[in-house]
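Data block for run.cif (mmCIF, C-alpha atoms):
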```
data_query
loop_
_atom_site.label_atom_id
_atom_site.label_comp_id
_atom_site.auth_asym_id
_atom_site.auth_seq_id
_atom_site.Cartn_x
_atom_site.Cartn_y
_atom_site.Cartn_z
CA MET A 1 -217.99 -37.21 -23.30
CA ALA A 2 -220.58 -37.81 -26.00
CA ARG A 3 -223.50 -40.11 -25.23
CA ARG A 4 -222.69 -43.68 -26.31
CA GLU A 5 -225.64 -44.88 -28.38
CA GLU A 6 -226.54 -48.54 -27.77
CA THR A 7 -223.49 -49.00 -25.49
CA GLU A 8 -224.27 -47.91 -21.95
CA GLN A 9 -221.71 -48.38 -19.17
CA GLU A 10 -221.41 -51.97 -18.03
CA THR A 11 -222.75 -52.73 -14.54
CA GLU A 12 -221.67 -55.53 -12.27
CA ALA A 13 -223.87 -58.60 -12.57
CA PRO A 14 -223.64 -62.21 -11.48
CA PRO A 15 -222.55 -64.74 -14.11
CA PRO A 16 -225.57 -65.67 -16.24
CA THR A 17 -227.13 -69.06 -15.69
CA ALA A 18 -229.69 -68.84 -18.50
CA THR A 19 -228.65 -69.30 -22.11
CA LEU A 20 -229.74 -68.05 -25.51
CA GLY A 21 -229.45 -70.97 -27.92
CA VAL A 22 -228.08 -69.82 -31.26
CA GLY A 23 -228.48 -71.77 -34.49
CA MET A 24 -226.47 -70.53 -37.46
CA VAL A 25 -227.11 -71.23 -41.15
CA GLY A 26 -223.86 -70.96 -43.14
CA TYR A 27 -220.29 -71.67 -42.10
CA ALA A 28 -217.90 -69.93 -44.53
CA PHE A 29 -216.38 -66.44 -44.18
CA MET A 30 -219.31 -64.80 -42.38
CA GLY A 31 -220.08 -68.00 -40.49
CA ALA A 32 -216.59 -67.97 -39.02
CA ALA A 33 -216.86 -64.27 -38.12
CA HIS A 34 -220.27 -64.67 -36.46
CA SER A 35 -219.04 -67.77 -34.61
CA GLN A 36 -216.21 -65.69 -33.16
CA GLY A 37 -218.73 -63.13 -31.96
CA TRP A 38 -221.10 -65.59 -30.29
CA ARG A 39 -218.25 -67.59 -28.76
CA THR A 40 -216.56 -64.53 -27.25
CA ALA A 41 -219.30 -62.06 -26.22
CA GLY A 42 -220.25 -63.79 -22.96
CA HIS A 43 -216.62 -64.04 -21.88
CA VAL A 44 -215.97 -60.31 -22.33
CA PHE A 45 -219.21 -58.55 -21.43
CA ASP A 46 -221.53 -59.03 -18.46
CA LEU A 47 -224.62 -60.34 -20.25
CA PRO A 48 -228.01 -61.23 -18.75
CA VAL A 49 -227.96 -64.55 -20.63
CA ARG A 50 -225.07 -66.49 -22.13
CA PRO A 51 -225.04 -67.23 -25.88
CA ALA A 52 -224.87 -70.99 -26.45
CA LEU A 53 -223.65 -72.28 -29.82
CA ALA A 54 -226.38 -74.90 -30.22
CA ALA A 55 -226.14 -75.90 -33.89
CA ILE A 56 -224.65 -74.87 -37.21
CA CYS A 57 -226.11 -75.75 -40.61
CA GLY A 58 -224.73 -76.35 -44.10
CA ARG A 59 -225.54 -78.63 -47.03
CA ASP A 60 -222.21 -80.52 -47.02
CA ARG A 61 -222.25 -82.90 -44.03
CA THR A 62 -218.46 -83.32 -43.87
CA ALA A 63 -217.76 -79.60 -44.21
CA VAL A 64 -220.37 -78.45 -41.71
CA GLU A 65 -219.26 -81.00 -39.11
CA ALA A 66 -215.69 -79.79 -39.53
CA ALA A 67 -216.89 -76.19 -39.09
CA ALA A 68 -218.84 -77.16 -35.96
CA ALA A 69 -215.72 -78.72 -34.44
CA ARG A 70 -213.52 -75.80 -35.44
CA HIS A 71 -215.78 -73.03 -34.18
CA GLY A 72 -217.28 -74.68 -31.10
CA TRP A 73 -220.83 -75.55 -32.17
CA ALA A 74 -222.49 -78.37 -30.24
CA ALA A 75 -224.25 -79.93 -33.24
CA ALA A 76 -224.41 -79.85 -37.04
CA GLU A 77 -227.43 -79.93 -39.36
CA THR A 78 -227.70 -80.19 -43.14
CA ASP A 79 -231.26 -78.81 -43.44
CA TRP A 80 -232.02 -75.31 -42.18
CA ARG A 81 -235.62 -76.33 -41.51
CA ALA A 82 -234.38 -78.91 -39.04
CA LEU A 83 -232.20 -76.27 -37.38
CA ILE A 84 -235.17 -73.92 -36.97
CA ALA A 85 -237.23 -76.75 -35.45
CA ARG A 86 -234.68 -77.50 -32.71
CA ASP A 87 -235.90 -76.80 -29.18
CA ASP A 88 -232.42 -75.65 -28.12
CA VAL A 89 -232.38 -72.86 -30.76
CA GLN A 90 -234.03 -69.57 -29.79
CA LEU A 91 -232.20 -67.36 -32.31
CA VAL A 92 -231.43 -68.13 -35.96
CA ASP A 93 -228.33 -66.43 -37.39
CA ILE A 94 -228.39 -66.31 -41.22
CA CYS A 95 -224.97 -66.20 -42.92
CA THR A 96 -225.95 -67.56 -46.34
CA PRO A 97 -225.95 -65.90 -49.79
CA GLY A 98 -228.70 -63.35 -50.23
CA ASP A 99 -230.97 -65.54 -52.36
CA SER A 100 -231.97 -67.59 -49.30
CA HIS A 101 -232.29 -64.82 -46.70
CA ALA A 102 -236.00 -64.17 -47.13
CA GLU A 103 -237.11 -67.81 -47.03
CA ILE A 104 -235.04 -68.70 -43.97
CA ALA A 105 -235.73 -65.49 -42.03
CA ILE A 106 -239.49 -65.55 -42.56
CA ALA A 107 -239.69 -69.24 -41.65
CA ALA A 108 -237.65 -68.65 -38.49
CA LEU A 109 -239.78 -65.70 -37.41
CA GLU A 110 -242.99 -67.63 -38.05
CA ALA A 111 -241.57 -70.46 -35.91
CA GLY A 112 -241.18 -68.05 -33.00
CA LYS A 113 -237.41 -67.56 -33.24
CA HIS A 114 -235.39 -64.36 -33.02
CA VAL A 115 -233.37 -63.63 -36.16
CA LEU A 116 -230.02 -62.04 -37.01
CA CYS A 117 -229.53 -61.78 -40.79
CA GLU A 118 -226.38 -60.79 -42.62
CA LYS A 119 -226.49 -57.79 -44.91
CA PRO A 120 -227.76 -56.93 -47.43
CA LEU A 121 -231.13 -57.96 -46.07
CA ALA A 122 -232.25 -59.54 -49.37
CA ASN A 123 -231.63 -59.56 -53.12
CA THR A 124 -234.70 -57.51 -54.01
CA VAL A 125 -236.91 -54.84 -52.50
CA GLU A 126 -239.89 -57.19 -52.68
CA GLU A 127 -238.06 -59.83 -50.60
CA ALA A 128 -236.91 -57.19 -48.12
CA GLU A 129 -240.45 -55.87 -47.78
CA ALA A 130 -241.75 -59.36 -46.99
CA MET A 131 -239.00 -59.79 -44.39
CA ALA A 132 -239.74 -56.42 -42.78
CA GLU A 133 -243.46 -57.27 -42.62
CA ALA A 134 -242.66 -60.64 -41.01
CA ALA A 135 -240.40 -58.87 -38.50
CA GLU A 136 -243.17 -56.41 -37.62
CA ARG A 137 -245.60 -59.26 -36.98
CA ALA A 138 -242.99 -61.08 -34.90
CA ALA A 139 -242.24 -57.95 -32.85
CA ALA A 140 -245.82 -58.01 -31.60
CA ARG A 141 -245.01 -61.47 -30.19
CA GLY A 142 -241.85 -60.21 -28.49
CA GLN A 143 -239.39 -61.45 -31.13
CA VAL A 144 -236.40 -59.53 -32.43
CA ALA A 145 -235.13 -59.27 -36.03
CA ILE A 146 -231.80 -57.53 -36.63
CA VAL A 147 -229.61 -56.95 -39.71
CA GLY A 148 -225.89 -57.63 -39.43
CA PHE A 149 -224.38 -54.29 -40.38
CA ASN A 150 -221.33 -55.00 -38.23
CA TYR A 151 -219.43 -51.79 -39.03
CA ARG A 152 -221.88 -49.87 -36.87
CA LYS A 153 -220.17 -51.72 -34.02
CA VAL A 154 -216.71 -50.23 -34.65
CA PRO A 155 -216.18 -48.12 -31.50
CA ALA A 156 -214.89 -45.14 -33.49
CA LEU A 157 -218.00 -45.11 -35.70
CA THR A 158 -220.40 -45.53 -32.77
CA TYR A 159 -218.58 -42.61 -31.14
CA ALA A 160 -218.80 -40.59 -34.37
CA ARG A 161 -222.57 -41.10 -34.36
CA ALA A 162 -222.72 -39.77 -30.81
CA LEU A 163 -220.72 -36.66 -31.76
CA ILE A 164 -223.05 -35.94 -34.68
CA GLU A 165 -226.14 -36.58 -32.55
CA GLU A 166 -224.80 -34.13 -29.98
CA GLY A 167 -224.63 -31.47 -32.69
CA ARG A 168 -220.86 -31.17 -32.77
CA LEU A 169 -220.91 -30.89 -36.59
CA GLY A 170 -223.99 -28.67 -36.75
CA THR A 171 -226.05 -28.83 -39.94
CA LEU A 172 -224.62 -31.50 -42.22
CA ARG A 173 -223.53 -30.50 -45.71
CA HIS A 174 -221.51 -33.36 -47.19
CA VAL A 175 -221.40 -37.13 -46.70
CA ARG A 176 -218.55 -38.87 -48.54
CA ALA A 177 -218.10 -42.64 -48.50
CA THR A 178 -215.92 -45.13 -50.39
CA TYR A 179 -215.36 -48.85 -49.99
CA LEU A 180 -212.49 -50.17 -52.10
CA GLN A 181 -211.17 -53.75 -52.42
CA ASP A 182 -208.98 -55.50 -55.00
CA TRP A 183 -209.73 -59.23 -54.75
CA LEU A 184 -211.27 -59.34 -58.23
CA VAL A 185 -208.61 -57.37 -60.12
CA ASP A 186 -207.19 -60.58 -61.63
CA PRO A 187 -209.47 -61.57 -64.56
CA GLU A 188 -208.66 -65.22 -63.83
CA SER A 189 -210.17 -65.09 -60.34
CA PRO A 190 -212.90 -67.76 -60.48
CA LEU A 191 -216.64 -67.28 -60.72
CA THR A 192 -217.83 -67.54 -57.10
CA TRP A 193 -221.45 -67.04 -56.01
CA ARG A 194 -220.74 -63.37 -55.29
CA LEU A 195 -220.43 -62.84 -59.05
CA GLU A 196 -223.79 -64.39 -59.93
CA ARG A 197 -226.89 -62.23 -59.73
CA GLU A 198 -229.22 -65.11 -58.88
CA HIS A 199 -227.26 -65.70 -55.66
CA ALA A 200 -225.79 -62.30 -54.75
CA GLY A 201 -228.40 -59.87 -56.09
CA SER A 202 -225.72 -57.40 -57.10
CA GLY A 203 -221.93 -57.18 -56.99
CA ALA A 204 -219.81 -54.54 -55.31
CA LEU A 205 -223.01 -52.53 -54.88
CA GLY A 206 -224.67 -55.03 -52.54
CA ASP A 207 -221.50 -56.48 -51.04
CA LEU A 208 -219.73 -53.22 -50.21
CA GLY A 209 -222.17 -50.47 -51.12
CA ALA A 210 -224.74 -51.76 -48.63
CA HIS A 211 -222.25 -51.11 -45.81
CA ILE A 212 -221.46 -47.52 -46.75
CA VAL A 213 -225.09 -46.66 -47.50
CA ASP A 214 -226.07 -47.96 -44.08
CA LEU A 215 -223.21 -46.13 -42.36
CA ALA A 216 -224.01 -42.87 -44.14
CA GLN A 217 -227.66 -43.03 -43.07
CA TYR A 218 -226.77 -44.21 -39.55
CA LEU A 219 -224.17 -41.52 -38.91
CA ALA A 220 -226.19 -38.71 -40.50
CA GLY A 221 -229.34 -39.86 -38.71
CA GLU A 222 -231.38 -39.47 -41.90
CA PRO A 223 -232.10 -41.40 -45.10
CA LEU A 224 -230.98 -40.83 -48.66
CA ALA A 225 -233.72 -39.13 -50.69
CA GLY A 226 -232.40 -39.88 -54.18
CA VAL A 227 -229.37 -40.96 -56.22
CA SER A 228 -227.72 -40.65 -59.63
CA ALA A 229 -225.49 -43.60 -60.51
CA VAL A 230 -223.14 -45.36 -62.91
CA SER A 231 -221.91 -48.94 -62.69
CA GLU A 232 -219.64 -51.23 -64.69
CA THR A 233 -218.66 -54.88 -65.05
CA PHE A 234 -215.04 -54.80 -66.19
CA VAL A 235 -214.53 -58.57 -66.50
CA ARG A 236 -217.60 -60.19 -68.03
CA GLU A 237 -216.44 -63.82 -68.03
CA ARG A 238 -214.42 -65.77 -65.47
CA PRO A 239 -213.25 -69.36 -64.94
CA VAL A 240 -215.89 -71.55 -63.33
CA LEU A 241 -215.15 -73.17 -59.98
CA ALA A 242 -213.83 -76.71 -59.74
CA GLY A 243 -215.37 -77.14 -56.27
CA PRO A 244 -216.66 -75.11 -53.35
CA ALA A 245 -215.37 -71.60 -52.84
CA ALA A 246 -212.69 -70.95 -50.23
CA GLY A 247 -213.47 -67.63 -48.58
CA LEU A 248 -213.70 -65.07 -51.37
CA SER A 249 -212.00 -67.23 -53.99
CA GLY A 250 -211.55 -70.85 -55.06
CA THR A 251 -209.95 -73.15 -57.64
CA ALA A 252 -210.82 -72.76 -61.32
CA ASP A 253 -212.07 -75.70 -63.39
CA GLY A 254 -209.72 -75.89 -66.39
CA THR A 255 -210.73 -73.71 -69.35
CA ALA A 256 -214.49 -73.52 -68.77
CA ARG A 257 -215.77 -69.97 -68.26
CA GLY A 258 -219.04 -68.47 -67.10
CA ALA A 259 -220.74 -65.09 -67.30
CA VAL A 260 -220.35 -62.49 -64.55
CA THR A 261 -223.86 -61.12 -64.02
CA VAL A 262 -223.24 -58.44 -61.39
CA ASP A 263 -221.40 -55.13 -61.25
CA ASP A 264 -217.70 -54.86 -60.49
CA ALA A 265 -218.03 -51.22 -59.41
CA ALA A 266 -220.74 -48.67 -58.67
CA LEU A 267 -220.41 -44.92 -58.21
CA PHE A 268 -223.29 -42.66 -57.24
CA THR A 269 -224.09 -39.25 -55.90
CA GLY A 270 -227.11 -38.48 -53.81
CA ARG A 271 -229.01 -36.10 -51.62
CA MET A 272 -229.86 -36.76 -48.00
CA ALA A 273 -233.37 -35.99 -46.74
CA SER A 274 -232.10 -32.74 -45.16
CA GLY A 275 -230.53 -31.58 -48.42
CA ALA A 276 -226.94 -32.54 -47.59
CA LEU A 277 -225.03 -33.85 -50.60
CA ALA A 278 -223.55 -37.35 -50.65
CA SER A 279 -221.18 -39.39 -52.80
CA PHE A 280 -220.41 -43.11 -52.78
CA GLU A 281 -217.99 -45.46 -54.51
CA ALA A 282 -217.94 -49.25 -54.13
CA THR A 283 -215.54 -51.45 -56.07
CA ARG A 284 -213.74 -54.77 -55.84
CA MET A 285 -211.35 -53.72 -58.63
CA ALA A 286 -209.17 -51.09 -56.89
CA ALA A 287 -205.67 -52.55 -57.13
CA GLY A 288 -203.80 -52.25 -53.84
CA ARG A 289 -206.88 -51.54 -51.70
CA LYS A 290 -207.62 -54.49 -49.42
CA ASN A 291 -210.47 -53.30 -47.20
CA ALA A 292 -210.45 -49.53 -47.57
CA LEU A 293 -213.74 -48.26 -46.18
CA ARG A 294 -213.49 -44.50 -45.72
CA LEU A 295 -216.03 -41.95 -44.56
CA GLU A 296 -215.99 -38.18 -44.16
CA ILE A 297 -218.86 -36.00 -43.00
CA ASN A 298 -218.69 -32.21 -43.15
CA GLY A 299 -221.02 -29.88 -41.25
CA GLU A 300 -221.25 -26.18 -40.54
CA LEU A 301 -219.41 -26.59 -37.21
CA GLY A 302 -216.89 -29.32 -38.00
CA SER A 303 -216.00 -32.58 -39.71
CA ILE A 304 -215.25 -36.20 -38.92
CA ALA A 305 -213.25 -38.70 -40.98
CA PHE A 306 -212.71 -42.44 -40.58
CA ASP A 307 -210.62 -45.13 -42.28
CA LEU A 308 -211.43 -48.79 -41.54
CA GLU A 309 -207.79 -49.76 -42.06
CA ARG A 310 -207.08 -47.57 -38.98
CA LEU A 311 -210.22 -48.56 -37.14
CA ASN A 312 -209.10 -47.50 -33.67
CA GLU A 313 -208.87 -43.88 -34.81
CA LEU A 314 -211.32 -41.10 -35.58
CA SER A 315 -210.31 -37.76 -37.09
CA PHE A 316 -212.29 -34.78 -35.79
CA HIS A 317 -212.15 -31.11 -36.74
CA ASP A 318 -213.88 -28.49 -34.58
CA HIS A 319 -214.46 -25.52 -36.86
CA THR A 320 -215.49 -23.29 -33.94
CA GLU A 321 -211.88 -23.15 -32.71
CA PRO A 322 -209.62 -20.24 -33.73
CA ALA A 323 -208.22 -20.80 -37.22
CA VAL A 324 -204.68 -20.23 -36.01
CA SER A 325 -204.75 -23.50 -34.04
CA ALA A 326 -207.66 -25.41 -35.58
CA GLY A 327 -207.30 -28.56 -37.68
CA PHE A 328 -208.12 -32.25 -37.76
CA ARG A 329 -207.03 -34.05 -34.64
CA ARG A 330 -206.56 -37.79 -34.18
CA ILE A 331 -208.72 -39.34 -31.47
CA LEU A 332 -207.45 -42.74 -30.38
CA VAL A 333 -210.71 -44.52 -29.59
CA THR A 334 -209.42 -46.90 -26.92
CA GLU A 335 -210.49 -45.22 -23.69
CA PRO A 336 -212.86 -47.09 -21.32
CA GLU A 337 -215.36 -44.21 -21.78
CA HIS A 338 -215.55 -44.93 -25.50
CA PRO A 339 -218.27 -47.27 -26.85
CA TYR A 340 -217.71 -50.94 -26.00
CA LEU A 341 -214.18 -50.29 -24.65
CA GLU A 342 -215.04 -50.57 -20.94
CA ALA A 343 -214.82 -54.37 -21.24
CA TRP A 344 -211.64 -54.67 -23.30
CA TRP A 345 -207.97 -53.73 -22.81
CA PRO A 346 -206.14 -50.77 -21.23
CA PRO A 347 -206.09 -47.50 -23.23
CA GLY A 348 -203.98 -47.68 -26.37
CA HIS A 349 -204.48 -51.41 -26.91
CA GLY A 350 -206.46 -51.52 -30.13
CA LEU A 351 -209.22 -53.80 -31.36
CA GLY A 352 -209.72 -55.39 -34.79
CA TYR A 353 -212.28 -56.48 -37.39
CA GLU A 354 -213.45 -59.54 -35.46
CA HIS A 355 -214.42 -57.44 -32.43
CA THR A 356 -217.29 -55.87 -34.39
CA PHE A 357 -219.00 -59.29 -34.36
CA VAL A 358 -218.45 -59.64 -30.61
CA HIS A 359 -220.10 -56.25 -30.13
CA GLN A 360 -222.90 -57.26 -32.46
CA ALA A 361 -223.56 -60.43 -30.45
CA ARG A 362 -223.56 -58.41 -27.22
CA ASP A 363 -226.10 -55.95 -28.58
CA VAL A 364 -228.35 -58.69 -29.96
CA VAL A 365 -228.45 -60.43 -26.58
CA ARG A 366 -229.26 -57.22 -24.76
CA THR A 367 -231.89 -56.23 -27.29
CA ILE A 368 -233.67 -59.54 -26.72
CA THR A 369 -233.39 -59.66 -22.93
CA GLU A 370 -234.05 -55.99 -22.22
CA GLY A 371 -236.94 -55.48 -24.63
CA ARG A 372 -235.20 -52.86 -26.73
CA ALA A 373 -236.20 -51.92 -30.26
CA PRO A 374 -233.91 -53.80 -32.67
CA VAL A 375 -231.13 -51.72 -34.22
CA PRO A 376 -230.38 -52.02 -37.09
CA SER A 377 -233.85 -53.38 -37.77
CA PHE A 378 -235.25 -55.18 -40.81
CA ALA A 379 -236.90 -51.83 -41.63
CA ASP A 380 -233.40 -50.31 -41.73
CA GLY A 381 -232.29 -53.15 -44.00
CA LEU A 382 -235.28 -52.52 -46.27
CA GLN A 383 -234.34 -48.84 -46.55
CA VAL A 384 -230.82 -49.80 -47.64
CA GLN A 385 -232.32 -52.24 -50.17
CA ARG A 386 -234.41 -49.42 -51.63
CA VAL A 387 -231.26 -47.34 -52.07
CA LEU A 388 -229.47 -50.21 -53.83
CA ALA A 389 -232.46 -50.69 -56.15
CA ALA A 390 -232.52 -46.96 -56.95
CA VAL A 391 -228.80 -47.06 -57.77
CA GLU A 392 -229.35 -49.92 -60.21
CA GLU A 393 -232.36 -48.18 -61.76
CA SER A 394 -230.44 -44.93 -62.19
CA ALA A 395 -227.41 -46.67 -63.72
CA ALA A 396 -229.71 -48.45 -66.19
CA LYS A 397 -231.26 -45.10 -67.18
CA ASN A 398 -228.04 -43.25 -68.02
CA SER A 399 -227.61 -41.86 -64.49
CA ALA A 400 -231.09 -40.33 -64.23
CA TYR A 401 -231.79 -38.96 -60.77
CA THR A 402 -233.95 -41.56 -59.00
CA PRO A 403 -235.96 -40.69 -55.85
CA ILE A 404 -235.99 -43.16 -52.95
CA PRO A 405 -239.10 -43.69 -50.81
CA PHE A 406 -238.59 -43.54 -47.04
#
```
Target format structure tokens, applied to this file:
Amino acid sequence: MARREETEQETEAPPPTATLGVGMVGYAFMGAAHSQGWRTAGHVFDLPVRPALAAICGRDRTAVEAAAARHGWAAAETDWRALIARDDVQLVDICTPGDSHAEIAIAALEAGKHVLCEKPLANTVEEAEAMAEAAERAAARGQVAIVGFNYRKVPALTYARALIEEGRLGTLRHVRATYLQDWLVDPESPLTWRLEREHAGSGALGDLGAHIVDLAQYLAGEPLAGVSAVSETFVRERPVLAGPAAGLSGTADGTARGAVTVDDAALFTGRMASGALASFEATRMAAGRKNALRLEINGELGSIAFDLERLNELSFHDHTEPAVSAGFRRILVTEPEHPYLEAWWPPGHGLGYEHTFVHQARDVVRTITEGRAPVPSFADGLQVQRVLAAVEESAAKNSAYTPIPF
């Protein structure tokens, strides 16, 4: 069995009496997902301290109080500064649009709090650099700063990383990643914050591309060295919102329209630091694709392939086997020896999207209490931000190959 990175076998432990007070900023889609993770982790895994949902924060008093009641938070705040100042909050979880990540995260770290920040880390490289520097200073004080790349916590992908680290694929040659959604295909879908550069930083590139860039670098165990890219905004104006967004959408305000200032799709090729070739596609305009994140990695000794819409499965090909019987085989990643699965259900009983946030919460707690190096760190988030910036630079320069510092 491959070594299970970041997911050692559970050991028996008494129920925790100490708590880790969590304060979360944001309460929409990601706020609900993170709430599920914090609420559940201590009931499933034996943790050294129990996450306590101390307070949740949002600007709309009525909405944030409703979210607190729905998701089990003990208190509600309307000012993130007040949330950071609370004595019962030891960790600040940031689930806001990217334009506020840097300000909140740096303030929280300077106040002595641990931080979990949703991806992408920031809207610009400069903001991400400031966050990574603040995290480095905080680490010297014993604080932890982690980026919420939750797909690393899919058991099949954590297991895939272990197989690659063991050398089962040999020298890597190709990394292939796509993330396809269709929630913006309708040109009358309203203009939410994810379509405005000042809030989101970029479009499908930052929203979806950040995930597959991180996964490619995580699985390969090496960074991207350079990219050549194209991007496009297919629908350049959309109806403005009549009120707050509801999840990924909302209600349009009559005939008024506003400019879309981010990409709808980004495609890019690249080269990994070792010389392996890579290709990426991120779009929210692929009709019929709901959440189709797919990865394939080919090496001299074998290949792995993964599809998020079948997230309990990993396809593995061992090219050292005789050709007469060799081929991709389906591994059902539900055994107790697989990453994270020792605490869940009997073999064959699959997990889902929300479990990645439970696993994330578990790993954050253990990182804090056991003095581990944070993974994925703000430095990892900064590296992804540099890739996103290089993609945008290349696309603006007619696909010119753009090196990436690492």
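Take the candidates A:Tyr179, A:Phe29, A:Trp345, A:Tyr151 and check each one against Ala265 (chain A) using only C-alpha atoms; the shortest distance goes to A:Tyr179.
From CA of Gly148 (chain A) back to CA of Ile212 (chain A), the distance works out to 13.2 Å.
With distances taken over all atoms listed in the file, A:Pro155 is the one residue among A:Pro155, A:Gly206, A:Gly23, A:Pro405 lying closest to Glu313 (chain A).
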### Task
Given the file shown, enumerate the residues that the PyMOL selection byres ((chain A and resi 123-137) around 8) captures and present them as a ChimeraX atom specification.
/A:98-99,102,105-106,109-110,120-122,138-141,143-145,199-202,378-379,381-382,385-386,389
#### Entry: Contacts of Glu354 (chain A) within 12 Å, only C-alpha atoms, excl. fewer than 3 positions in-chain, as a VMD selection string
chain A and resid 29 to 41 150 to 151 153 to 154 311 350 to 351 357 to 361
### Message
Show me, as a list in words, the residues that have an atom within 7 Å of region 193-196 of chain A when counting all atoms listed in the file, minus same-chain residues fewer than 2 positions from it.
### Response
Leu191, Glu198, His199, Ala200, Gly203, Val260, Thr261 and Val262 of chain A
Saved selection, atoms kept: C-alpha atoms, as a tab-separated table (two decimals), keeping the file's coordinate frame:
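Below is the file that was written, again_36.tsv:
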```tsv
chain	number	residue	atom	x	y	z
A	191	LEU	CA	-216.64	-67.28	-60.72
A	198	GLU	CA	-229.22	-65.11	-58.88
A	199	HIS	CA	-227.26	-65.70	-55.66
A	200	ALA	CA	-225.79	-62.30	-54.75
A	203	GLY	CA	-221.93	-57.18	-56.99
A	260	VAL	CA	-220.35	-62.49	-64.55
A	261	THR	CA	-223.86	-61.12	-64.02
A	262	VAL	CA	-223.24	-58.44	-61.39
```
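Counting from CA of Asp363 (chain A), the distance to CA of Gly26 (chain A) is 21.0 Å.
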### Query
Using all atoms listed in the file, which residues sit within 12 Å of Glu222 (chain A) once same-chain residues fewer than 3 positions away are excluded, as a PyMOL selection string?
chain A and resi 161+164-165+172+175+213-219+225+271-276+278+380+383-384+406
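The space separating CA of Leu241 (chain A) from CA of Asp186 (chain A) comes to 15.0 Å.
Distances here use all atoms listed in the file; by that measure, the residue among A:Tyr340, A:Val387, A:Gly327, A:Ala55 closest to His71 (chain A) is A:Ala55.
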### Task
Determine, counting all atoms listed in the file, which protein, DNA and RNA residues have an atom within 10 Å of an atom of Val25 (chain A); residues of the same chain fewer than 2 positions away are not included. Present the result as a PyMOL selection string.
chain A and resi 23+27-28+31+55-59+64+76-81+83-84+92-96+101+104+117
### Task
Just the residues within 8 Å of Glu232 (chain A), please, counting only C-alpha atoms, with nothing from its chain fewer than 3 positions along; format it as a PyMOL selection string.
chain A and resi 263-266
### Summary
One residue among A:Val227, A:Ala220, A:Ala66, A:Ala18 is nearest to Gly299 (chain A) when using only C-alpha atoms, and that residue is A:Ala220
### Task
Using only C-alpha atoms, pick whichever of A:Arg152, A:Arg197, A:Arg173, A:Lys397 has the shortest atom-to-atom distance to Gly302 (chain A).
A:Arg173
Axis-aligned box over every listed atom of region 50-68 of chain A, padded by 5 Å per side: centre and edges in Å to one decimal, as JSON?
```
{"center_x": -221.0, "center_y": -74.9, "center_z": -34.6, "size_x": 20.7, "size_y": 26.8, "size_z": 34.9}
```
### From A:Ala69, A:Ala305, A:Ala75, A:Ala156, residue lying nearest Thr178 (chain A) [only C-alpha atoms]
A:Ala305
### Task
Evaluate the PyMOL selection byres ((chain A and resi 231) around 12) on the structure here and hand back the selected residues as a PyMOL selection string.
chain A and resi 202-205+209+228-230+232-234+262-268+280-283+388+391-399
